[in-house]
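Some notes on the structure that comes next.
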Amino acid sequence: MTSQYTSLLGFALPVTGELAGTWGDVVNNSITSLVEDSVANAATISVTSGNVTLTTTSGASNQARMSTLIITGTPGTARSVVAPSQAKIYVVLNQSDSSVTIKGLLTTGVTLLAGEKALVAWNGSDFVKISTAGGSSSFYDLTVTNNL
């Protein structure tokens, strides 16, 4: 049998007996390093050329798993960054020259102005701002309908 993957973050779930003598590579590459990405790594996303859909993969590094999204570019117009519509929290730093909406594939999302920094989370039906940074912080209500 081959390894399965977790539904939210795509971590390897090796099957008993599957990796005799080779489990270390799977643990290091498809679990440990991916946990580190989801807790403490950043993806730089340029929106200069258009809207961006975050990359997703099971068992390998991808943009959607990262804890921080650094939005860059000079689009001169509003852009969207599409993330998987599932439980996830992102620190978002909008370093582009325009507003950026963080959204699920079929949702309206939440908009960050140029230069804005925010904590953004999936609330079960869309992404919402939890707080913003710079000057004074604002906190927003979050109702979670799925595990977060």
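Each chain of the structure tokens is named A, B, ... in the order shown, its residues numbered from 1; ligands are numbered from 1 in display order.
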
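DSSP on the backbone gives helix (DSSP H, G or I) for these parts of chain A: A:Trp23, A:Gly24, A:Asp25, A:Val26, A:Val27, A:Asn28, A:Asn29, A:Ser30, A:Ile31, A:Thr32, A:Ser33, A:Leu34, A:Val35, A:Glu36, A:Asp37, A:Ser38, A:Val39, A:Ala40.
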
Go ahead and save the picked residues with N, CA and C atoms, as a JSON list (two decimals), in the first residue's frame.
[["chain", "number", "residue", "atom", "x", "y", "z"],
["A", 23, "TRP", "N", 11.66, 4.61, 6.03],
["A", 23, "TRP", "CA", 10.72, 5.55, 6.62],
["A", 23, "TRP", "C", 11.33, 6.91, 6.92],
["A", 24, "GLY", "N", 12.63, 6.98, 7.19],
["A", 24, "GLY", "CA", 13.27, 8.25, 7.55],
["A", 24, "GLY", "C", 13.11, 9.32, 6.49],
["A", 25, "ASP", "N", 13.24, 8.95, 5.22],
["A", 25, "ASP", "CA", 13.08, 9.93, 4.14],
["A", 25, "ASP", "C", 11.66, 10.49, 4.09],
["A", 26, "VAL", "N", 10.68, 9.62, 4.26],
["A", 26, "VAL", "CA", 9.29, 10.07, 4.23],
["A", 26, "VAL", "C", 8.99, 10.96, 5.42],
["A", 27, "VAL", "N", 9.45, 10.57, 6.60],
["A", 27, "VAL", "CA", 9.22, 11.40, 7.79],
["A", 27, "VAL", "C", 9.89, 12.76, 7.63],
["A", 28, "ASN", "N", 11.14, 12.77, 7.19],
["A", 28, "ASN", "CA", 11.87, 14.04, 7.04],
["A", 28, "ASN", "C", 11.29, 14.93, 5.95],
["A", 29, "ASN", "N", 10.96, 14.36, 4.80],
["A", 29, "ASN", "CA", 10.55, 15.16, 3.64],
["A", 29, "ASN", "C", 9.05, 15.40, 3.52],
["A", 30, "SER", "N", 8.25, 14.46, 3.97],
["A", 30, "SER", "CA", 6.81, 14.57, 3.78],
["A", 30, "SER", "C", 6.02, 14.79, 5.06],
["A", 31, "ILE", "N", 6.74, 14.91, 6.17],
["A", 31, "ILE", "CA", 6.07, 15.26, 7.43],
["A", 31, "ILE", "C", 6.82, 16.41, 8.10],
["A", 32, "THR", "N", 8.03, 16.16, 8.62],
["A", 32, "THR", "CA", 8.74, 17.15, 9.43],
["A", 32, "THR", "C", 8.95, 18.48, 8.70],
["A", 33, "SER", "N", 9.48, 18.46, 7.49],
["A", 33, "SER", "CA", 9.73, 19.72, 6.79],
["A", 33, "SER", "C", 8.43, 20.43, 6.42],
["A", 34, "LEU", "N", 7.36, 19.67, 6.18],
["A", 34, "LEU", "CA", 6.08, 20.30, 5.83],
["A", 34, "LEU", "C", 5.41, 20.91, 7.06],
["A", 35, "VAL", "N", 5.59, 20.29, 8.23],
["A", 35, "VAL", "CA", 5.09, 20.90, 9.48],
["A", 35, "VAL", "C", 5.80, 22.23, 9.70],
["A", 36, "GLU", "N", 7.11, 22.25, 9.49],
["A", 36, "GLU", "CA", 7.86, 23.50, 9.64],
["A", 36, "GLU", "C", 7.32, 24.58, 8.70],
["A", 37, "ASP", "N", 7.05, 24.22, 7.44],
["A", 37, "ASP", "CA", 6.46, 25.18, 6.50],
["A", 37, "ASP", "C", 5.15, 25.74, 7.03],
["A", 38, "SER", "N", 4.28, 24.87, 7.53],
["A", 38, "SER", "CA", 2.95, 25.29, 7.94],
["A", 38, "SER", "C", 2.96, 26.14, 9.21],
["A", 39, "VAL", "N", 4.03, 26.04, 9.98],
["A", 39, "VAL", "CA", 4.12, 26.79, 11.24],
["A", 39, "VAL", "C", 4.97, 28.04, 11.09],
["A", 40, "ALA", "N", 6.05, 27.98, 10.30],
["A", 40, "ALA", "CA", 7.03, 29.07, 10.37],
["A", 40, "ALA", "C", 7.64, 29.50, 9.04]]

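Summary of the local environment: counting only C-alpha atoms, residues at most 6 Å from region 98-115 of chain A, other than itself and those fewer than 2 positions away along its chain, are Gly76, Thr77, Ala78, Arg79, Ser80, Val81, Val82, Ala83, Pro84, Ser85, Asn94, Gln95, Ser96, Asp126, Phe127 and Val128 of chain A.
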
Could you take the residues named above and write them with all heavy atoms, as a CSV table (one decimal), in the first residue's frame?
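Ended up saving to result-v7.csv:
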chain,number,residue,atom,x,y,z
A,76,GLY,N,-0.9,47.8,-10.1
A,76,GLY,CA,-1.6,49.0,-10.3
A,76,GLY,C,-3.1,48.9,-10.3
A,76,GLY,O,-3.8,49.8,-10.6
A,77,THR,N,-3.6,47.7,-9.9
A,77,THR,CA,-5.0,47.4,-9.8
A,77,THR,C,-5.2,46.3,-8.8
A,77,THR,O,-4.3,45.6,-8.5
A,77,THR,CB,-5.6,47.0,-11.2
A,77,THR,OG1,-7.0,46.9,-11.1
A,77,THR,CG2,-5.0,45.7,-11.7
A,78,ALA,N,-6.5,46.2,-8.3
A,78,ALA,CA,-6.8,45.2,-7.3
A,78,ALA,C,-6.5,43.8,-7.8
A,78,ALA,O,-6.8,43.5,-9.0
A,78,ALA,CB,-8.2,45.3,-6.8
A,79,ARG,N,-6.1,42.9,-7.0
A,79,ARG,CA,-5.8,41.5,-7.4
A,79,ARG,C,-6.4,40.6,-6.3
A,79,ARG,O,-6.7,41.0,-5.2
A,79,ARG,CB,-4.3,41.2,-7.4
A,79,ARG,CG,-3.6,42.0,-8.5
A,79,ARG,CD,-3.9,41.4,-9.9
A,79,ARG,NE,-3.0,42.0,-10.8
A,79,ARG,CZ,-3.3,42.3,-12.1
A,79,ARG,NH1,-4.5,42.0,-12.5
A,79,ARG,NH2,-2.4,42.8,-12.9
A,80,SER,N,-6.5,39.3,-6.7
A,80,SER,CA,-7.0,38.3,-5.7
A,80,SER,C,-5.9,37.2,-5.6
A,80,SER,O,-5.2,36.9,-6.6
A,80,SER,CB,-8.3,37.6,-6.2
A,80,SER,OG,-9.3,38.5,-6.2
A,81,VAL,N,-5.8,36.6,-4.4
A,81,VAL,CA,-5.0,35.5,-4.1
A,81,VAL,C,-6.0,34.4,-3.6
A,81,VAL,O,-6.7,34.6,-2.6
A,81,VAL,CB,-3.9,35.7,-3.1
A,81,VAL,CG1,-3.2,34.4,-2.7
A,81,VAL,CG2,-2.9,36.7,-3.6
A,82,VAL,N,-6.1,33.3,-4.4
A,82,VAL,CA,-7.0,32.2,-4.1
A,82,VAL,C,-6.3,31.1,-3.3
A,82,VAL,O,-5.4,30.5,-3.8
A,82,VAL,CB,-7.7,31.7,-5.4
A,82,VAL,CG1,-8.7,30.6,-5.1
A,82,VAL,CG2,-8.3,32.8,-6.2
A,83,ALA,N,-6.8,30.9,-2.1
A,83,ALA,CA,-6.3,29.8,-1.3
A,83,ALA,C,-7.3,28.7,-1.2
A,83,ALA,O,-8.5,28.9,-1.5
A,83,ALA,CB,-6.0,30.4,0.1
A,84,PRO,N,-6.9,27.5,-0.7
A,84,PRO,CA,-7.9,26.4,-0.6
A,84,PRO,C,-9.0,26.8,0.4
A,84,PRO,O,-8.7,27.4,1.4
A,84,PRO,CB,-7.0,25.3,0.0
A,84,PRO,CG,-5.7,25.5,-0.5
A,84,PRO,CD,-5.5,27.0,-0.5
A,85,SER,N,-10.2,26.4,0.1
A,85,SER,CA,-11.3,26.8,1.0
A,85,SER,C,-11.4,25.7,2.1
A,85,SER,O,-12.3,24.9,2.1
A,85,SER,CB,-12.6,26.8,0.2
A,85,SER,OG,-12.6,27.7,-0.9
A,94,ASN,N,0.8,42.5,2.8
A,94,ASN,CA,0.5,43.0,1.4
A,94,ASN,C,1.6,44.1,1.1
A,94,ASN,O,1.4,45.3,1.4
A,94,ASN,CB,-0.9,43.6,1.3
A,94,ASN,CG,-1.2,44.0,-0.1
A,94,ASN,OD1,-0.3,43.8,-1.0
A,94,ASN,ND2,-2.3,44.6,-0.4
A,95,GLN,N,2.6,43.7,0.5
A,95,GLN,CA,3.7,44.7,0.1
A,95,GLN,C,3.6,45.1,-1.3
A,95,GLN,O,4.5,45.8,-1.9
A,95,GLN,CB,5.1,44.0,0.3
A,95,GLN,CG,5.3,43.7,1.8
A,95,GLN,CD,6.7,42.9,2.0
A,95,GLN,OE1,7.4,42.6,1.1
A,95,GLN,NE2,7.0,42.7,3.3
A,96,SER,N,2.4,44.8,-2.0
A,96,SER,CA,2.2,45.3,-3.3
A,96,SER,C,1.7,46.7,-3.3
A,96,SER,O,1.4,47.3,-2.2
A,96,SER,CB,1.2,44.4,-4.0
A,96,SER,OG,-0.1,44.7,-3.6
A,126,ASP,N,-15.6,31.3,4.5
A,126,ASP,CA,-14.9,32.3,3.8
A,126,ASP,C,-13.7,32.7,4.6
A,126,ASP,O,-13.6,32.4,5.8
A,126,ASP,CB,-15.7,33.6,3.5
A,126,ASP,CG,-15.2,34.4,2.3
A,126,ASP,OD1,-14.1,34.1,1.7
A,126,ASP,OD2,-16.0,35.3,1.8
A,127,PHE,N,-12.7,33.5,4.0
A,127,PHE,CA,-11.6,34.0,4.8
A,127,PHE,C,-12.1,35.4,5.4
A,127,PHE,O,-12.8,36.1,4.8
A,127,PHE,CB,-10.4,34.3,3.9
A,127,PHE,CG,-9.6,33.0,3.6
A,127,PHE,CD1,-9.9,32.3,2.5
A,127,PHE,CD2,-8.8,32.5,4.5
A,127,PHE,CE1,-9.2,31.1,2.2
A,127,PHE,CE2,-8.1,31.3,4.3
A,127,PHE,CZ,-8.3,30.6,3.1
A,128,VAL,N,-11.6,35.6,6.7
A,128,VAL,CA,-12.0,36.8,7.4
A,128,VAL,C,-10.7,37.3,8.1
A,128,VAL,O,-9.8,36.6,8.3
A,128,VAL,CB,-13.1,36.6,8.5
A,128,VAL,CG1,-14.4,36.2,7.8
A,128,VAL,CG2,-12.6,35.5,9.5

Thr57 (chain A) proximity check over A:Leu69, A:Val120, A:Ala133, A:Leu8, using only C-alpha atoms: winner is A:Leu8

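Near Asn41 (chain A), within 7 Å and counting only C-alpha atoms, sit Glu36, Met66, Ser67 and Thr68 of chain A, not including residues fewer than 5 positions from it in the same chain.
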